[in-house]
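The next block is query-v5.pdb, given as PDB, C-alpha atoms, pLDDT in the B column.
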ATOM      1  CA  MET A   1     -20.237 -48.449  -3.157  1.00 62.00           C
ATOM      2  CA  ALA A   2     -22.030 -45.090  -2.767  1.00 69.00           C
ATOM      3  CA  THR A   3     -19.562 -44.115  -0.055  1.00 72.00           C
ATOM      4  CA  LEU A   4     -16.641 -44.875  -2.368  1.00 59.00           C
ATOM      5  CA  ILE A   5     -18.173 -42.765  -5.154  1.00 68.00           C
ATOM      6  CA  ARG A   6     -18.713 -39.832  -2.743  1.00 70.00           C
ATOM      7  CA  ALA A   7     -15.122 -40.127  -1.530  1.00 64.00           C
ATOM      8  CA  LEU A   8     -13.792 -40.167  -5.100  1.00 57.00           C
ATOM      9  CA  ARG A   9     -15.847 -37.067  -5.943  1.00 71.00           C
ATOM     10  CA  ARG A  10     -14.443 -35.249  -2.892  1.00 69.00           C
ATOM     11  CA  VAL A  11     -10.905 -36.139  -3.937  1.00 57.00           C
ATOM     12  CA  GLN A  12     -11.628 -34.986  -7.478  1.00 62.00           C
ATOM     13  CA  ARG A  13     -13.011 -31.639  -6.231  1.00 65.00           C
ATOM     14  CA  SER A  14     -10.100 -31.087  -3.872  1.00 61.00           C
ATOM     15  CA  ALA A  15      -7.628 -31.947  -6.659  1.00 53.00           C
ATOM     16  CA  GLN A  16      -9.302 -29.411  -8.937  1.00 55.00           C
ATOM     17  CA  GLY A  17      -9.029 -26.795  -6.176  1.00 54.00           C
ATOM     18  CA  TRP A  18      -5.364 -27.633  -5.670  1.00 51.00           C
ATOM     19  CA  GLN A  19      -4.677 -27.428  -9.404  1.00 53.00           C
ATOM     20  CA  PHE A  20      -6.460 -24.071  -9.602  1.00 45.00           C
ATOM     21  CA  ALA A  21      -4.434 -22.731  -6.665  1.00 44.00           C
ATOM     22  CA  ALA A  22      -1.157 -23.955  -8.184  1.00 45.00           C
ATOM     23  CA  ILE A  23      -1.930 -22.393 -11.569  1.00 45.00           C
ATOM     24  CA  THR A  24      -2.942 -19.110  -9.915  1.00 42.00           C
ATOM     25  CA  VAL A  25       0.312 -18.943  -7.938  1.00 41.00           C
ATOM     26  CA  LEU A  26       2.395 -19.644 -11.047  1.00 41.00           C
ATOM     27  CA  LEU A  27       0.581 -16.994 -13.066  1.00 41.00           C
ATOM     28  CA  LEU A  28       0.906 -14.357 -10.359  1.00 41.00           C
ATOM     29  CA  ARG A  29       4.560 -15.146  -9.848  1.00 44.00           C
ATOM     30  CA  GLY A  30       5.212 -14.839 -13.579  1.00 43.00           C
ATOM     31  CA  CYS A  31       3.642 -11.375 -13.725  1.00 50.00           C
ATOM     32  CA  GLY A  32       6.536  -9.926 -11.765  1.00 60.00           C
ATOM     33  CA  GLY A  33       5.651  -6.642 -10.106  1.00 90.00           C
ATOM     34  CA  ALA A  34       7.895  -3.677  -9.564  1.00 94.00           C
ATOM     35  CA  THR A  35      10.773  -3.974  -7.118  1.00 95.00           C
ATOM     36  CA  PRO A  36      11.103  -1.139  -4.582  1.00 97.00           C
ATOM     37  CA  ILE A  37      14.104   1.021  -5.481  1.00 96.00           C
ATOM     38  CA  LYS A  38      15.439   0.770  -1.907  1.00 95.00           C
ATOM     39  CA  THR A  39      15.669  -3.014  -2.301  1.00 95.00           C
ATOM     40  CA  LEU A  40      17.817  -2.572  -5.421  1.00 94.00           C
ATOM     41  CA  LEU A  41      20.028   0.066  -3.808  1.00 91.00           C
ATOM     42  CA  ASP A  42      20.493  -1.907  -0.565  1.00 90.00           C
ATOM     43  CA  ASP A  43      22.045  -4.911  -2.345  1.00 89.00           C
ATOM     44  CA  PRO A  44      22.968  -3.996  -5.935  1.00 90.00           C
ATOM     45  CA  ALA A  45      25.313  -6.981  -6.335  1.00 89.00           C
ATOM     46  CA  ARG A  46      22.335  -9.323  -5.903  1.00 93.00           C
ATOM     47  CA  PHE A  47      20.603  -7.754  -8.911  1.00 95.00           C
ATOM     48  CA  GLU A  48      23.653  -6.955 -11.072  1.00 95.00           C
ATOM     49  CA  GLY A  49      22.987  -7.855 -14.701  1.00 95.00           C
ATOM     50  CA  LYS A  50      19.460  -9.032 -13.936  1.00 96.00           C
ATOM     51  CA  THR A  51      16.224  -7.741 -15.424  1.00 97.00           C
ATOM     52  CA  VAL A  52      14.194  -5.794 -12.869  1.00 97.00           C
ATOM     53  CA  ARG A  53      11.155  -3.511 -12.909  1.00 98.00           C
ATOM     54  CA  ILE A  54      10.638  -0.230 -11.113  1.00 98.00           C
ATOM     55  CA  GLU A  55       7.720   2.188 -11.078  1.00 98.00           C
ATOM     56  CA  GLY A  56       7.533   5.803 -10.022  1.00 97.00           C
ATOM     57  CA  GLU A  57       7.536   9.448 -10.969  1.00 97.00           C
ATOM     58  CA  VAL A  58      10.115  10.908 -13.330  1.00 97.00           C
ATOM     59  CA  GLN A  59      12.090  13.557 -11.412  1.00 96.00           C
ATOM     60  CA  GLN A  60      14.605  14.845 -13.931  1.00 92.00           C
ATOM     61  CA  ALA A  61      14.900  14.033 -17.585  1.00 93.00           C
ATOM     62  CA  MET A  62      17.083  14.899 -20.533  1.00 92.00           C
ATOM     63  CA  GLY A  63      17.519  13.418 -23.949  1.00 87.00           C
ATOM     64  CA  ALA A  64      18.562  14.054 -27.520  1.00 86.00           C
ATOM     65  CA  LEU A  65      18.436  12.097 -30.749  1.00 84.00           C
ATOM     66  CA  GLY A  66      16.541   9.193 -29.194  1.00 82.00           C
ATOM     67  CA  ILE A  67      18.932   8.677 -26.284  1.00 87.00           C
ATOM     68  CA  GLY A  68      17.891   9.773 -22.823  1.00 92.00           C
ATOM     69  CA  ALA A  69      18.551   9.716 -19.126  1.00 94.00           C
ATOM     70  CA  TYR A  70      16.089  10.285 -16.317  1.00 96.00           C
ATOM     71  CA  GLU A  71      15.507   9.598 -12.634  1.00 97.00           C
ATOM     72  CA  VAL A  72      12.586   7.570 -11.314  1.00 97.00           C
ATOM     73  CA  LYS A  73      11.455   8.131  -7.733  1.00 97.00           C
ATOM     74  CA  ASP A  74       9.205   5.764  -5.806  1.00 97.00           C
ATOM     75  CA  ALA A  75       8.238   5.839  -2.124  1.00 96.00           C
ATOM     76  CA  THR A  76      11.556   4.211  -1.165  1.00 96.00           C
ATOM     77  CA  GLY A  77      14.220   5.971  -3.246  1.00 95.00           C
ATOM     78  CA  THR A  78      15.451   7.365  -6.547  1.00 95.00           C
ATOM     79  CA  MET A  79      17.257   5.578  -9.372  1.00 95.00           C
ATOM     80  CA  PRO A  80      18.807   6.865 -12.599  1.00 96.00           C
ATOM     81  CA  VAL A  81      17.640   5.242 -15.827  1.00 96.00           C
ATOM     82  CA  VAL A  82      19.446   5.308 -19.168  1.00 95.00           C
ATOM     83  CA  SER A  83      17.429   4.874 -22.360  1.00 93.00           C
ATOM     84  CA  GLU A  84      19.413   3.901 -25.439  1.00 88.00           C
ATOM     85  CA  ALA A  85      16.351   4.131 -27.674  1.00 85.00           C
ATOM     86  CA  GLY A  86      13.211   6.165 -27.233  1.00 81.00           C
ATOM     87  CA  GLY A  87      14.541   9.199 -25.372  1.00 87.00           C
ATOM     88  CA  ALA A  88      13.365  10.222 -21.927  1.00 93.00           C
ATOM     89  CA  PRO A  89       9.830  10.768 -20.626  1.00 93.00           C
ATOM     90  CA  ARG A  90       8.846  14.206 -19.336  1.00 93.00           C
ATOM     91  CA  ALA A  91       9.493  15.158 -15.719  1.00 94.00           C
ATOM     92  CA  GLY A  92       6.437  14.420 -13.602  1.00 96.00           C
ATOM     93  CA  ALA A  93       5.270  11.444 -15.689  1.00 96.00           C
ATOM     94  CA  HIS A  94       4.417   8.217 -13.842  1.00 97.00           C
ATOM     95  CA  VAL A  95       6.242   5.361 -15.564  1.00 97.00           C
ATOM     96  CA  GLY A  96       7.150   1.735 -15.181  1.00 97.00           C
ATOM     97  CA  VAL A  97      10.547   0.647 -16.445  1.00 97.00           C
ATOM     98  CA  GLU A  98      11.929  -2.802 -17.108  1.00 97.00           C
ATOM     99  CA  GLY A  99      15.647  -2.997 -17.622  1.00 97.00           C
ATOM    100  CA  THR A 100      19.026  -4.410 -16.695  1.00 96.00           C
ATOM    101  CA  LEU A 101      20.553  -3.244 -13.425  1.00 96.00           C
ATOM    102  CA  ARG A 102      24.161  -2.075 -13.595  1.00 94.00           C
ATOM    103  CA  ALA A 103      26.040  -1.352 -10.377  1.00 86.00           C
ATOM    104  CA  ALA A 104      29.050   0.894 -10.999  1.00 78.00           C
ATOM    105  CA  PHE A 105      30.385   1.088  -7.429  1.00 70.00           C
ATOM    106  CA  THR A 106      29.555   1.185  -3.728  1.00 65.00           C
ATOM    107  CA  LEU A 107      31.575   3.468  -1.467  1.00 70.00           C
ATOM    108  CA  GLY A 108      30.475   3.474   2.161  1.00 72.00           C
ATOM    109  CA  THR A 109      26.776   4.298   2.163  1.00 70.00           C
ATOM    110  CA  GLN A 110      26.730   5.544  -1.433  1.00 70.00           C
ATOM    111  CA  SER A 111      26.065   3.325  -4.446  1.00 68.00           C
ATOM    112  CA  LEU A 112      26.030   4.271  -8.105  1.00 85.00           C
ATOM    113  CA  VAL A 113      23.408   2.026  -9.643  1.00 92.00           C
ATOM    114  CA  VAL A 114      21.858   2.569 -13.070  1.00 94.00           C
ATOM    115  CA  LEU A 115      18.960   0.841 -14.774  1.00 95.00           C
ATOM    116  CA  VAL A 116      19.490   0.377 -18.522  1.00 95.00           C
ATOM    117  CA  GLU A 117      15.993   0.556 -19.993  1.00 95.00           C
ATOM    118  CA  LYS A 118      14.721  -2.321 -22.105  1.00 95.00           C
ATOM    119  CA  ARG A 119      11.057  -1.389 -22.017  1.00 94.00           C
ATOM    120  CA  ARG A 120       8.929   1.423 -20.655  1.00 95.00           C
ATOM    121  CA  TYR A 121       5.275   0.966 -19.768  1.00 94.00           C
ATOM    122  CA  THR A 122       2.368   2.743 -18.127  1.00 91.00           C
ATOM    123  CA  PRO A 123       1.716   1.204 -14.708  1.00 89.00           C
TER     124      PRO A 123
END

Could you take the file, read its structure, and then write that structure out as structure tokens?
Amino acid sequence: MATLIRALRRVQRSAQGWQFAAITVLLLRGCGGATPIKTLLDDPARFEGKTVRIEGEVQQAMGALGIGAYEVKDATGTMPVVSEAGGAPRAGAHVGVEGTLRAAFTLGTQSLVVLVEKRRYTP
């Protein structure tokens, strides 16, 4: 009987560990980190119309009356971002952007891909 109780306790402990691991994986997966810009530019059709996140330094920026456009550069590439509300951040700022990817065209090695900003955050 004591052996059975010890075995049940081991199973219970291992099940708790498994449950903890499963919950941790689900939580980390749900957090959704930034996607490297190169990944988005290499296969824009895969991300077309989907919500993605990028992080990097603002290279160029312009805006007026709450509408703005700016470029975000990470270690892998540069992507233009259009903000329909909230204007553009200053050049040199480090930002995170969540938005909808829009691929206009791909011609040879060149792609015109734009991220339409939904939300801007500080990484």

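Relative to CA of Val52 in chain A, CA of Ala34 in chain A is found at 7.4 Å.
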
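Between CA of Thr39 in chain A and CA of Gly66 in chain A lies a distance of 29.5 Å.
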
Worksheet entry | Point (16.3, 5.5, -20.7), cut-off 12 Å, counting all atoms listed in the file, residues as a VMD selection string | chain A and resid 58 60 to 64 66 to 72 79 to 90 95 to 100 114 to 121

Would you place a box with edges along x, y and z of the file around all atoms of range 65-81 of chain A listed there, add 4 Å to each of its six sides, and report the centre and edge lengths in Å to one decimal, as AutoDock Vina command-line options?
--center_x 13.6 --center_y 8.2 --center_z -16.0 --size_x 18.7 --size_y 15.9 --size_z 37.6

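Relative to CA of Thr122 in chain A, CA of Ile54 in chain A is found at 11.2 Å.
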